[in-house]
Amino acid sequence: MGEHVIKLPDVGEGVAEAELVEWHVKIGDLVREDTILAAVMTDKATVEIPSPVSGEVLWLGAAVGDAVAVGSPLIRLKVEGEGTSPSRAAAAAKPADTPKEVAKSARKAPAPAPSNANVQASAPAFGAPRPEGERPLASPAVRLRAREAGVDLRQVPGSGPAGRVGHQDLDAFIARGPQAAHATGLQPNNSVTDVKLVGLRRKIAEKMALANARIAPITYIEEVDVTALEDLRAALNKKKRPDQPKLTVLPFLMRAMVRAIAEQPNFNAQFDDEAGVLHQYGGVHIGLAAQTPAGLMVPVVRHAEARDLWDCAAEVARLAEAAKTGSATREELSGSTITITSLGALGGVATTPIINHPEVAIVGVNKITVRPVWDGSGFIPRKIMNLSSSFDHRVIDGWDAAVFVQRIKTLLETPAMIFVEG
Amino acid sequence: MKEISCKLIVVGAGPGGYVCAIRAGQLGLDTVIVEAGKLGGVCLNVGCIPSKALIHAAEEFDRARHIAAGGSPLGISLSKPEIDLAKTVAWKDGVVSRLRGGVAGLLKKGRVKIVAGAAKFRDGKTIAVETETGLQIVRAEAIVIATGSAPVALPALPFGGPVISSTQALSLAKVPQRLVVVGGGYIGLELGTAFAKMGSAVTVVEAMARILPQYDAELTRPVAKRLSELGVKTLTGAKAKGLSAKGDALLVDAGEDKDVRLGADKVLVTVGRRPVTEGWGREELVLDMDGPFVRVDDQCRTSMRGVYAIGDVTGEPMLAHRAMAQGEMVAEIVAGHKRSWDKRAIAAACFTDPEIVTVGLSPEEAARGGTAIKVGQFPFAANGRAMTKLAEDGFVRVVARADNHLVLGVQAVGRDVSELAAPFALALEMGARLEDIAGTIHAHPTQGEAFQEAALRALGRAVHI
C-alpha cells in the first residue's frame, strides 16, 4: 500500500493560485482513474481536476473557498503499490494535520447553521402558549428592560415554557423594530440565511469592489436613433445564409466601436494605475458582459478589428454559449481591452455600468423602444436606443468621452458609415 | 424661617417614605423627608420589628418553661425560668434604636434633609412643617404622601386605661395576668400568642366564624391547635360590647343572645388598621379617594400632578415591603426613569406559632378565577429538618395552573416558614412553572425541601411521601 499525492496542476499561464470551488469526493471515497476530484477556479474559468490513479481518498488539502497555490498538495490517495510518496515516515507525519484541516472545513461548512438554529428556537418549546389577554410572563429583569425600551410585553411572543418572555425574545422583538400587530395573519420572516461567497460570485464581488474603489467613473448617457440600423439588420437577417448567425445589434456596435477607437485609441486600453502607465492596445478585444446561471461572466471577442460583421456575430454567439455552459476557457475569459454590457431584452432606460477594471471604458446598451420624435412638422415613430457608457475619468476627460459616444451614435444612426472606409 | 426648595418632599419616614427618600438621594435628587414621630414609622418603632423582638423573647421563654416542665424530649433540663418584661422591652428598644440609627445614617448618606415635625399641605407643591423651632415651609416639584396607617379603635372600646393598641402592648412593663385580645387577625394573634407564652391568660374575641379569617382553614388549623395547647381561649362569632363598669372585664356578645363577661387586666384591640388620611392637610388638595385610601395609578400618581402616594395610605395589602417597593419606584419615576408597578407577588408573613406565609393565589382564589388548577401539598411531618426541630406541624402548598403548570400561589404554615417567603415570591415573580421548582435542587436537610416536594407532588411524582 502506498500513498499518492495529487498536487494542484498548472491550470493556466501565469496563474499562481486557484480557488477551490467544489469537492467531488470526500475522505474515504474510492476513486478510479479520471474520476473528477475537485473543481478550481482561476479568474472566472472553472477547471476540473481528474484523478490520475485509482485509490481511496485519505486527506483533502483545502476547504471550499480556500485559495490553493499551484503545486501544493490538494488530495492524498491510498493506492496499490508504492505510490508517489513512499516515505512511510512522511505519511505517518502528515496525518497529524489531517484533523486540523478536517476540523477547519467542518467548522466552515455549517456556518449558516447557528442563525437557522436561532430561528428555530423562537418557536415555543413546550407547554401551552400564553392565552390571549393574559399578563405576559417574564422575569422582573425582562419587564424592566421592556419598560425602559418602551416595549409593551404583551406584543412580544414568548419562546419559553408557558409562553414566558425571555431576554432573547425581547432582543429579537427590539431588533425587529416597530411594527403593526399581526392581525392579518401575515408573519414577519426573521430568518437570515448566510451564503458563503465562493467561486464566481466571490470573483465578481472582488472585481466589482476593486473597480468601484480604484476608478473614478463618469457615466454618459445618449440616445441613438437606430431606425435605419434596425431596418438594415432586419434585411440582413432575412437574406442571411443558413450557416450565418442571426445578427443582433451587438456586432454593429462592435464594428462601430472599432471605428471610433481608431480615432480615439486611448479608449481601448488597460490602465495600470500603480505604475502610472496606460497600455493602449492595437487589437480591439471586446469583453461582453454576459449573464450565466453562475453569475456575470465576461467572455472576450478577440481582435474585433480583424473581424467582419458576420464573424463578430458568430464569435459572440459561440462565446455566449461557452459562458453559459461553463466551458469557456481562461483565455476566452480574460484579456479584454474594452467592454460592452447589455441587459438584452430587459434593457432599461439607462444604467450606470461599472468599468471592467483595469479597462477604461464600458459601453452599455439599453432597450430599443419606439418613441415619438419631432421632425420639425410632426411626431414620427422612431426606434430609439440609449447608450449608457462609463469611462475612467482619471485618464479620460468628459469631453473626450462625449466625443467617443457621439461618434458611435453617428455611426449607428447612419450604419453605412460603419462599413465605408474613409 | 427660611423656605426650603427642593426636588422631592417625602411626607412620612416609615418604610415607604424612608426608602423613597434614600433612593431619591442615591439618584441625586435634592430630597427632604418630613416626619413628626420617629424615623422608621410604625414598622420599625411600633410594628414589625418590635413585635418580632417580643415574639422571639416570648418563644424563648416558652421553650425554657416547656423544658423546665419536663416536657422536652431533647434531654435538657432547666429549673424554673423567669421573664422580666421590662428588661425584654429594653432589649427590644435597643434593637429598634439601632435600626433607627441605621435609617438616619442612610438618609444622611443620601444627603436627604430630615425635617422633624408634623407636615401640612399648603398646596400641591408646598408643605408647612411645625418644627420645634417654628414653621418651616418646604417647596418641591414632587411630593410623596407616605403617611401610613394607624390602629382602628372600636367605638365601644376607645383606647385608654386598660384598652390598649398594639403600640402600647409592645411597651408594657409587666406581663398582664389576664389579656383579652379583640380581633383574631394576624396582629392580635401574634401578640396574643406572645403574651400567652410569657404567662398571660389570653382570650381572643373574633367577630368572624374563625380566627385568621383571611386564610383558609387548612392553613390556620396548626395555629388554632397551638393556641389551644398554649391555653389561649378563642371566642369566635363574638362581638365586644364594652368594658364593665369597674373596667376590669370585657363584656362580649357571644351570639345566640349569650353575653359573656371576660375578666381582663388589659384589653388589646387589634381590629385592623386604617390609612392616615387626615391631619396632614388633605383638604388643601384635590385628591381622588378609593374608599378610605388615596387613589393612585400604576405609577403611584394621585389625581394631582406631581403628588404621589405610597404605602398603607394607598390601600391593601398594608405591608411594609409593598410600601418600600412603591417608594423605590416613585423615587426612580421622579428621577425620570421609566417605571411602573408590575409586581406579580407580594408575600405576606404571619408570625403566629407556627408561622404562616402566603404569596399569590390560594387554591380557592385560583379556582374562583375559573382556571383549572393543580395543587401539591407536602407536610413537614415528612421533612427531616422539621423533625429535628420538633416542628412537624404544617405544610407547604403549591397552586399551579393545570394547563401550563405556571405557579399561581404558594402557602405554607410551620415553624420559621416566614423565611421561605423569599423563594416563594421569587418563584412567582420569575414566572416559574412547577417543573422549575421541582427541577431546582433544594439543600438537604432544610425545610425548603418541602417546597420542591410540594411541586413534585403537584406533578404527581413526589419522592418522599
# chains A, B, ... in the order shown; residues from 1 in each chain; ligands from 1
$ residues_around --residues "Val205 of chain B" --least-positions-apart "2" --cutoff "9 Å" --atoms "only C-alpha atoms" --output "list in words"
Val180, Val181, Val182, Gly183, Gly184, Thr203, Ala207, Ile211, Lys233, Thr234, Leu235, Thr236, Gly237, Ala238, Lys239, Ala240, Val252 and Ala254 of chain B
$ write_last_selection --atoms "N, CA and C atoms" --output "tab-separated table (two decimals), in the first residue's frame"
chain	number	residue	atom	x	y	z
B	180	VAL	N	-57.25	40.13	77.21
B	180	VAL	CA	-58.28	39.84	76.21
B	180	VAL	C	-57.88	40.54	74.92
B	181	VAL	N	-57.83	39.78	73.85
B	181	VAL	CA	-57.48	40.35	72.55
B	181	VAL	C	-58.77	40.45	71.73
B	182	VAL	N	-59.10	41.63	71.33
B	182	VAL	CA	-60.28	41.83	70.49
B	182	VAL	C	-59.81	41.92	69.04
B	183	GLY	N	-60.17	40.92	68.27
B	183	GLY	CA	-59.72	40.87	66.86
B	183	GLY	C	-58.74	39.73	66.69
B	184	GLY	N	-59.20	38.69	66.00
B	184	GLY	CA	-58.36	37.50	65.81
B	184	GLY	C	-57.64	37.50	64.49
B	203	THR	N	-57.48	35.46	76.10
B	203	THR	CA	-58.71	35.12	75.39
B	203	THR	C	-58.80	35.98	74.15
B	207	ALA	N	-64.94	38.36	65.68
B	207	ALA	CA	-66.32	38.50	65.23
B	207	ALA	C	-66.69	37.48	64.16
B	211	ILE	N	-60.68	32.21	63.61
B	211	ILE	CA	-59.55	33.14	63.69
B	211	ILE	C	-58.84	33.20	62.34
B	233	LYS	N	-57.84	30.92	74.92
B	233	LYS	CA	-59.24	30.65	74.60
B	233	LYS	C	-59.64	31.52	73.41
B	234	THR	N	-60.40	30.96	72.51
B	234	THR	CA	-60.88	31.77	71.40
B	234	THR	C	-62.40	31.78	71.38
B	235	LEU	N	-62.95	32.98	71.32
B	235	LEU	CA	-64.39	33.15	71.18
B	235	LEU	C	-64.64	33.65	69.77
B	236	THR	N	-65.20	32.81	68.90
B	236	THR	CA	-65.47	33.27	67.53
B	236	THR	C	-66.93	33.62	67.41
B	237	GLY	N	-67.23	34.40	66.41
B	237	GLY	CA	-68.60	34.88	66.22
B	237	GLY	C	-69.04	35.73	67.40
B	238	ALA	N	-68.08	36.39	68.01
B	238	ALA	CA	-68.39	37.17	69.22
B	238	ALA	C	-68.04	38.63	69.01
B	239	LYS	N	-68.86	39.54	69.63
B	239	LYS	CA	-68.62	40.97	69.45
B	239	LYS	C	-68.37	41.62	70.82
B	240	ALA	N	-67.30	42.41	70.88
B	240	ALA	CA	-67.01	43.13	72.13
B	240	ALA	C	-68.02	44.26	72.28
B	252	VAL	N	-68.93	40.76	76.29
B	252	VAL	CA	-68.92	40.25	74.92
B	252	VAL	C	-70.26	39.63	74.59
B	254	ALA	N	-71.69	36.96	72.69
B	254	ALA	CA	-71.16	35.74	72.09
B	254	ALA	C	-72.15	35.08	71.15
$ interface_residues --of "chain B" --to "chain A" --cutoff "9 Å" --atoms "only C-alpha atoms" --output "mmCIF file with C-alpha atoms, in the first residue's frame"
data_model
loop_
_atom_site.group_PDB
_atom_site.id
_atom_site.type_symbol
_atom_site.label_atom_id
_atom_site.label_comp_id
_atom_site.auth_asym_id
_atom_site.auth_seq_id
_atom_site.Cartn_x
_atom_site.Cartn_y
_atom_site.Cartn_z
ATOM 1 C CA HIS B 337 -36.771 56.705 34.834
ATOM 2 C CA LYS B 338 -39.468 54.698 33.149
ATOM 3 C CA ARG B 339 -41.093 52.657 35.881
ATOM 4 C CA SER B 340 -44.463 51.181 36.518
ATOM 5 C CA ASP B 342 -45.791 45.446 37.585
ATOM 6 C CA LYS B 343 -45.092 43.279 40.612
ATOM 7 C CA ARG B 344 -46.565 39.833 40.448
ATOM 8 C CA ASP B 403 -52.559 23.566 31.566
ATOM 9 C CA ASN B 404 -49.086 25.079 31.634
ATOM 10 C CA HIS B 405 -48.056 24.455 35.246
ATOM 11 C CA LEU B 406 -47.421 28.129 35.913
ATOM 12 C CA GLU B 429 -42.033 36.883 40.236
ATOM 13 C CA MET B 430 -39.876 34.896 37.816
ATOM 14 C CA GLY B 431 -42.876 33.137 36.377
ATOM 15 C CA ARG B 433 -43.571 26.534 36.491
#
$ select_by_dssp --residues "segment 111-349 of chain A" --states "alpha helix (DSSP H)" --output "JSON, numbers by chain"
{"A": [113, 114, 115, 116, 117, 118, 119, 120, 121, 140, 141, 142, 143, 144, 145, 146, 147, 148, 149, 167, 168, 169, 170, 171, 172, 173, 174, 175, 176, 199, 200, 201, 202, 203, 204, 205, 206, 207, 208, 209, 210, 211, 212, 213, 214, 227, 228, 229, 230, 231, 232, 233, 234, 235, 236, 237, 238, 239, 249, 250, 251, 252, 253, 254, 255, 256, 257, 258, 259, 260, 261, 262, 263, 309, 310, 311, 312, 313, 314, 315, 316, 317, 318, 319, 320, 321, 322, 323, 324, 325]}
$ atom_distance --atom1 "atom CA of Lys367 of chain A" --atom2 "atom CA of Ala345 of chain A"
6.4 Å
$ residues_around --residues "Tyr186 of chain B" --least-positions-apart "6" --cutoff "10 Å" --atoms "only C-alpha atoms" --output "PyMOL selection string"
chain B and resi 192+211-215+270-272+349-352+356
$ write_last_selection --atoms "N, CA and C atoms" --output "short mmCIF file (atom, residue, chain, number, x, y, z; two decimals), in the first residue's frame"
data_model
loop_
_atom_site.label_atom_id
_atom_site.label_comp_id
_atom_site.auth_asym_id
_atom_site.auth_seq_id
_atom_site.Cartn_x
_atom_site.Cartn_y
_atom_site.Cartn_z
N GLY B 192 -51.11 38.10 71.02
CA GLY B 192 -51.80 37.24 71.99
C GLY B 192 -50.97 36.00 72.30
N ILE B 211 -60.68 32.21 63.61
CA ILE B 211 -59.55 33.14 63.69
C ILE B 211 -58.84 33.20 62.34
N LEU B 212 -58.06 34.25 62.18
CA LEU B 212 -57.32 34.49 60.92
C LEU B 212 -58.22 34.27 59.71
N PRO B 213 -59.33 35.01 59.65
CA PRO B 213 -60.31 34.72 58.60
C PRO B 213 -59.78 34.96 57.18
N GLN B 214 -58.67 35.69 57.05
CA GLN B 214 -58.18 35.92 55.68
C GLN B 214 -57.48 34.70 55.10
N TYR B 215 -57.17 33.71 55.98
CA TYR B 215 -56.51 32.50 55.48
C TYR B 215 -57.51 31.36 55.43
N THR B 270 -57.16 44.88 68.36
CA THR B 270 -56.46 44.76 67.06
C THR B 270 -57.49 44.37 66.02
N VAL B 271 -58.33 45.33 65.68
CA VAL B 271 -59.39 45.02 64.72
C VAL B 271 -59.06 45.59 63.35
N GLY B 272 -57.81 45.91 63.14
CA GLY B 272 -57.42 46.37 61.81
C GLY B 272 -56.73 47.72 61.85
N ALA B 349 -46.30 37.50 55.59
CA ALA B 349 -45.90 36.55 56.63
C ALA B 349 -46.68 36.87 57.90
N CYS B 350 -47.10 35.84 58.58
CA CYS B 350 -47.84 35.99 59.83
C CYS B 350 -47.04 35.25 60.90
N PHE B 351 -46.59 36.02 61.92
CA PHE B 351 -45.66 35.44 62.89
C PHE B 351 -46.39 34.85 64.09
N THR B 352 -47.38 34.04 63.77
CA THR B 352 -48.05 33.27 64.83
C THR B 352 -47.18 32.05 65.12
N ILE B 356 -47.22 31.54 59.36
CA ILE B 356 -47.92 31.33 58.08
C ILE B 356 -47.31 32.27 57.06
#
$ atom_distance --atom1 "atom CA of Lys80 of chain B" --atom2 "atom CA of Lys52 of chain B"
24.3 Å
$ closest_residue --among "B:Pro81, B:Ile76, B:Val115, B:Val410" --to "Ala64 of chain B" --atoms "only C-alpha atoms"
B:Pro81
$ residues_around --residues "segment 56-58 of chain A" --least-positions-apart "3" --cutoff "6 Å" --atoms "only C-alpha atoms" --output "JSON, numbers by chain"
{"A": [27, 28, 29, 30, 76, 77, 78]}
$ write_last_selection --atoms "C-alpha atoms" --output "CSV table (one decimal), in the first residue's frame"
chain,number,residue,atom,x,y,z
A,27,ILE,CA,-12.4,11.3,2.7
A,28,GLY,CA,-13.0,7.6,2.4
A,29,ASP,CA,-14.3,7.7,-1.1
A,30,LEU,CA,-12.9,5.2,-3.6
A,76,ARG,CA,-3.9,12.3,-0.9
A,77,LEU,CA,-5.0,8.9,-2.1
A,78,LYS,CA,-4.2,5.4,-0.7
$ atom_distance --atom1 "atom CA of Leu172 of chain B" --atom2 "atom CA of Val89 of chain B"
7.6 Å
$ residues_around --residues "Leu197 of chain A" --least-positions-apart "4" --cutoff "8 Å" --atoms "only C-alpha atoms" --output "list in words"
Gly65, Arg201 and Arg202 of chain A
$ write_last_selection --atoms "N, CA and C atoms" --output "PDB file, in the first residue's frame"
ATOM      1  N   GLY A  65     -13.621  27.301  -1.104  1.00  0.00           N
ATOM      2  CA  GLY A  65     -13.422  28.730  -0.872  1.00  0.00           C
ATOM      3  C   GLY A  65     -11.973  29.071  -0.597  1.00  0.00           C
ATOM      4  N   ARG A 201     -18.978  33.934  -7.773  1.00  0.00           N
ATOM      5  CA  ARG A 201     -19.603  35.042  -7.064  1.00  0.00           C
ATOM      6  C   ARG A 201     -18.549  35.844  -6.291  1.00  0.00           C
ATOM      7  N   ARG A 202     -17.593  35.119  -5.719  1.00  0.00           N
ATOM      8  CA  ARG A 202     -16.561  35.827  -4.968  1.00  0.00           C
ATOM      9  C   ARG A 202     -15.676  36.630  -5.925  1.00  0.00           C
TER      10      ARG A 202
END
$ select_by_dssp --residues "segment 44-207 of chain B" --states "strand (DSSP E)" --output "PyMOL selection string"
chain B and resi 113-116+118-123+126-131+134-145+149-151+163-164+178-182+201-206
$ closest_residue --among "A:Ile408, A:Leu253, A:Ile355, A:Ala328" --to "Asp308 of chain A" --atoms "only C-alpha atoms"
A:Leu253
